[in-house]
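Novice: Have a look at this one.
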Amino acid sequence: MLDDKTVTEQDIEDKCVQEVTAEATKVCCQCGKELPLSSFRMDIMPSGHKSYRAKCKHCTWLDSKEKKLRKKAVTDTFDSDMDILQKRQYKQIKPERILDLSQTGLDIELLGEDEIFVKLLNCKDTWFSCYGRMIRKSYSKYNLLNGITDKRSKDSGLVYSFSKNVFKDGKWQFQRTYISAERLVVETFIENPDCENNTYIWHRGNDKSNYYYKDLYPLTREQNAQVRDHYKRTGDDSEEYIVQVMNDIRYKNKEWSAKRYEPTVCSVGYWGCENVDTDSIAYNKWRDMLHRCYNVKVHERYPEYIGCTVSEEWKNFSNFRYWYEKNNYGSSALNLDKDILYKGNKVYSPDTCCIVPKNINTLFTNGRENRGELPLGVYKEEENGNIRYRACMSANGNRIKLGTFKTSKGAFRKYQKYKEQYIKDTAEKYKDKIPYSVYEAMMNWEIEITD
């Protein structure tokens, strides 16, 4: 009896194990596979009753992934009536900034027929290429720099170190600067439609080693994420697609507002941001700049501004303010100037303009509209029937007489020599009070009889 009882209990135990094992699997309603219960999600009802879902976890994940892909496919479609307000544009580089490689003694192979090395503003003898390469002149020798790789950087990793003139502790001084190659390419060669929010840079083909300026796109975080996801799924990151993303309201930054992109100043200037202080110095400088270029009434009073324009980047006040706050170093008495860095320049842009004290700005006024056909700094005088030419120069509101001459050319030569030296002396006097690019332009300033 003992043995029979033992066998019966063992049978019962085996049967229970078999029942539990049978209950520990479930057939998925979608894939039809018999799977352990651990492969299914459990739902707990408000009553406390527990039950496993009919669809396994893997099939649920596949459905979720497909749903996301369908959603992304929908977001890839664009409104056929979308206004393309932000276009792909590149900066117009002044010829004076381009390095003549034949004069450097460097034997380097260009990465493309269009590769040029452009002088960086407020840097001593440093040039940067539209392919992301840097040349520096040190002790009369030109060197092609390799840069350093910083894997901690959120950018591509290639970083350049160089000395840049910055305003610190109340004066302009040189300071070691580190900046990624891709950001330096964007700043130097690409018109950025939104400098404050375009903090991400997309590389064509997602190739982080490619620094060619036409393959780099400054974007917002949302725009960059959309381009990246679309490229992963389709392999498409064409310029046409990226420009559509740039203009689609779904990928704008959170502060974006269509109203802020409507031209309100001279039919060309727009705010580009919220909470604009129209009484601020930056806003008044920006508004006055636009009026000098596009207001007919201003041209009637100041014809010298006819033909002047504002770069696309600066038609956006947000971009101008971004530049102005980075470069400002004083009060409203400082002037925004477009002529000192490049004589005869007619374009207001972050690459051609500077901020200088008023007394320095007036040094470069030529008074063409008042002097007639006479050369700069020359006035005609008649005494006892004799015509003489006086050389004069204005400085700090005072007129300095430099002498009289028989010919206008003689008077001009005297003025030319004195004025050029005066500009150099002023540059030395203000050396740590003005940006290095201004100091450099003043030290190299030449006055011509055709000015």
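The way I read the labels, and the way they are meant: chains A, B, ... in the order of the structure tokens, residue 1 as the first residue of every chain, and ligand 1 as the first ligand shown, with later ones counted on from there.
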So that I can check the surroundings of Ile201 (chain A), please list as a PDB file with N, CA and C atoms, in the first residue's frame every protein, DNA and RNA residue that reaches within 8 Å of it, counting only C-alpha atoms and ignoring chain neighbours fewer than 2 positions away.
Specialist:
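Output file out_5.pdb is given in full below:
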```pdb
ATOM      1  N   ASP A 155      30.650  68.240 -32.606  1.00  0.00           N
ATOM      2  CA  ASP A 155      30.800  68.452 -34.034  1.00  0.00           C
ATOM      3  C   ASP A 155      31.603  67.286 -34.617  1.00  0.00           C
ATOM      4  N   GLU A 182      34.183  72.596 -39.289  1.00  0.00           N
ATOM      5  CA  GLU A 182      32.899  72.773 -39.961  1.00  0.00           C
ATOM      6  C   GLU A 182      32.256  74.109 -39.607  1.00  0.00           C
ATOM      7  N   ARG A 183      32.381  74.541 -38.366  1.00  0.00           N
ATOM      8  CA  ARG A 183      31.782  75.821 -37.973  1.00  0.00           C
ATOM      9  C   ARG A 183      32.530  76.989 -38.601  1.00  0.00           C
ATOM     10  N   ASN A 198      20.575  77.936 -35.752  1.00  0.00           N
ATOM     11  CA  ASN A 198      21.193  76.913 -36.597  1.00  0.00           C
ATOM     12  C   ASN A 198      22.499  76.457 -35.962  1.00  0.00           C
ATOM     13  N   THR A 199      22.379  75.683 -34.903  1.00  0.00           N
ATOM     14  CA  THR A 199      23.553  75.248 -34.138  1.00  0.00           C
ATOM     15  C   THR A 199      24.028  73.852 -34.535  1.00  0.00           C
ATOM     16  N   HIS A 203      26.436  67.251 -42.747  1.00  0.00           N
ATOM     17  CA  HIS A 203      27.421  66.984 -43.786  1.00  0.00           C
ATOM     18  C   HIS A 203      26.759  66.138 -44.873  1.00  0.00           C
ATOM     19  N   LEU A 216      28.004  71.412 -46.648  1.00  0.00           N
ATOM     20  CA  LEU A 216      27.664  71.666 -45.254  1.00  0.00           C
ATOM     21  C   LEU A 216      26.400  72.513 -45.165  1.00  0.00           C
ATOM     22  N   TYR A 217      25.514  72.166 -44.217  1.00  0.00           N
ATOM     23  CA  TYR A 217      24.227  72.848 -44.086  1.00  0.00           C
ATOM     24  C   TYR A 217      23.970  73.206 -42.625  1.00  0.00           C
ATOM     25  N   PRO A 218      23.987  74.500 -42.276  1.00  0.00           N
ATOM     26  CA  PRO A 218      23.636  74.888 -40.905  1.00  0.00           C
ATOM     27  C   PRO A 218      22.127  74.753 -40.702  1.00  0.00           C
ATOM     28  N   LEU A 219      21.726  73.992 -39.671  1.00  0.00           N
ATOM     29  CA  LEU A 219      20.312  73.693 -39.446  1.00  0.00           C
ATOM     30  C   LEU A 219      19.965  73.804 -37.966  1.00  0.00           C
ATOM     31  N   ASN A 224      17.851  69.209 -38.441  1.00  0.00           N
ATOM     32  CA  ASN A 224      18.934  68.237 -38.555  1.00  0.00           C
ATOM     33  C   ASN A 224      18.430  66.819 -38.273  1.00  0.00           C
TER      34      ASN A 224
END
```
Novice: From region 151-394 of chain A, collect each residue whose DSSP state is strand (DSSP E) and return the set as a PyMOL selection string.
Specialist: chain A and resi 158-168+171-180+200-203+216-219+309-310+334-337+347-348+354-357+378-383+386-394
Novice: Save the residues we just selected, C-alpha atoms, as a compact mmCIF listing (two decimals), in the first residue's frame?
Specialist:
```txt
# COMPACT_ATOMS: atom_id res chain seq x y z
CA LEU A 158 38.52 68.35 -36.39
CA VAL A 159 39.44 71.47 -34.43
CA TYR A 160 41.81 74.33 -35.22
CA SER A 161 43.67 76.40 -32.66
CA PHE A 162 44.70 79.95 -33.49
CA SER A 163 45.09 83.38 -31.96
CA LYS A 164 42.13 85.74 -32.34
CA ASN A 165 41.63 89.35 -31.33
CA VAL A 166 38.87 89.64 -28.69
CA PHE A 167 37.60 92.41 -26.41
CA LYS A 168 38.40 91.44 -22.85
CA LYS A 171 40.68 96.29 -24.24
CA TRP A 172 41.29 94.36 -27.45
CA GLN A 173 43.83 91.58 -27.05
CA PHE A 174 44.79 88.29 -28.67
CA GLN A 175 43.55 85.07 -27.14
CA ARG A 176 43.95 81.41 -28.06
CA THR A 177 40.76 80.19 -29.76
CA TYR A 178 39.54 76.69 -30.57
CA ILE A 179 36.86 76.15 -33.19
CA SER A 180 35.71 73.16 -35.23
CA TYR A 200 23.72 71.90 -35.96
CA ILE A 201 25.60 71.23 -39.19
CA TRP A 202 24.65 68.47 -41.61
CA HIS A 203 27.42 66.98 -43.79
CA LEU A 216 27.66 71.67 -45.25
CA TYR A 217 24.23 72.85 -44.09
CA PRO A 218 23.64 74.89 -40.91
CA LEU A 219 20.31 73.69 -39.45
CA THR A 309 22.97 96.92 -50.14
CA VAL A 310 22.60 94.71 -47.08
CA LEU A 334 30.40 103.80 -31.73
CA ASN A 335 29.62 103.81 -35.46
CA LEU A 336 28.82 100.93 -37.79
CA ASP A 337 31.21 101.34 -40.74
CA VAL A 347 27.74 95.94 -48.96
CA TYR A 348 26.80 95.83 -45.29
CA CYS A 354 33.25 96.97 -38.23
CA ILE A 355 32.33 99.03 -35.18
CA VAL A 356 34.58 102.03 -34.52
CA PRO A 357 34.65 105.25 -32.47
CA VAL A 378 42.41 120.25 -51.90
CA TYR A 379 40.68 123.65 -52.03
CA LYS A 380 41.02 126.38 -54.65
CA GLU A 381 41.90 129.90 -53.52
CA GLU A 382 42.24 133.14 -55.49
CA GLU A 383 44.23 136.11 -54.27
CA ASN A 386 46.43 134.41 -58.67
CA ILE A 387 44.93 130.94 -58.26
CA ARG A 388 46.48 128.75 -55.59
CA TYR A 389 45.56 125.34 -54.18
CA ARG A 390 45.48 124.76 -50.46
CA ALA A 391 45.92 121.37 -48.83
CA CYS A 392 43.74 120.95 -45.72
CA MET A 393 42.76 118.12 -43.43
CA SER A 394 40.02 117.85 -40.83
```
Novice: Hey, what's within 12 Å of Cys293 (chain A) if we count only C-alpha atoms and toss same-chain stuff fewer than 3 positions away? As a PyMOL selection string, please?
Specialist: chain A and resi 265-269+286-290+296-300+302-311+315+338+346-348
Novice: Between CA of Pro36 (chain A) and CA of Leu62 (chain A), what is the distance in Å, rounded to a tenth?
Specialist: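 Distance between the two atoms: 18.4 Å.
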Novice: Which residues are near Phe412 (chain A)? Cut-off 8 Å, only C-alpha atoms, ignore same chain within fewer than 3 positions. Put them as a list in words.
Specialist: Pro375, Leu376, Gly377, Val378, Ala391, Ser408, Lys409, Tyr415, Gln416 and Ile449 of chain A
Novice: Could you list, as a list in words, every residue within 8 Å of Ala282 (chain A), counting only C-alpha atoms and ignoring same-chain residues fewer than 5 positions away?
Specialist: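 Counting only the stated atoms, we get Phe320, Arg321, Tyr324 and Glu325 of chain A.
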Novice: Pull C-alpha atoms from the residues just selected and write them as a PDB file, in the first residue's frame.
Specialist:
```
ATOM      1  CA  PHE A 320      22.517  91.367 -36.995  1.00  0.00           C
ATOM      2  CA  ARG A 321      21.942  91.492 -33.235  1.00  0.00           C
ATOM      3  CA  TYR A 324      26.568  93.200 -32.999  1.00  0.00           C
ATOM      4  CA  GLU A 325      26.514  91.829 -29.450  1.00  0.00           C
TER       5      GLU A 325
END
```
Novice: Taking the DSSP secondary structure from the backbone, can you list the residues of region 124-190 of chain A that are helix (DSSP H, G or I), as a ChimeraX atom specification?
Specialist: /A:181-189
Novice: Contacts of Arg136 (chain A) at 8 Å or less, counting only C-alpha atoms, minus same-chain residues fewer than 4 places along, as a PyMOL selection string?
Specialist: chain A and resi 125-127+142-145
Novice: Using only C-alpha atoms, which residue out of A:Asn247, A:Gln226, A:Ile116, A:Thr77 lies closest to Tyr261 (chain A)?
Specialist: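 Distance minimum relative to Tyr261 (chain A) lands on A:Asn247.
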Novice: Neighbours of Ile360 (chain A) within 12 Å (only C-alpha atoms; same-chain residues fewer than 3 positions away dropped), as a PyMOL selection string?
Specialist: chain A and resi 333-337+339-340+354-357+363-365+394-397+422-427+429-431+433-434+438-439+441-442
Novice: Smallest atom-to-atom distance to Tyr90 (chain A): which of A:Ala411, A:Val27, A:Ile190, A:Cys56, using only C-alpha atoms?
Specialist: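 Looking only at the distances to Tyr90 (chain A), the closest residue turns out to be A:Ile190.
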Novice: So the first atom is CA of Ser349 (chain A) and the second is CA of Trp314 (chain A); what is the distance between them in Å, to one decimal place?
Specialist: 6.4 Å
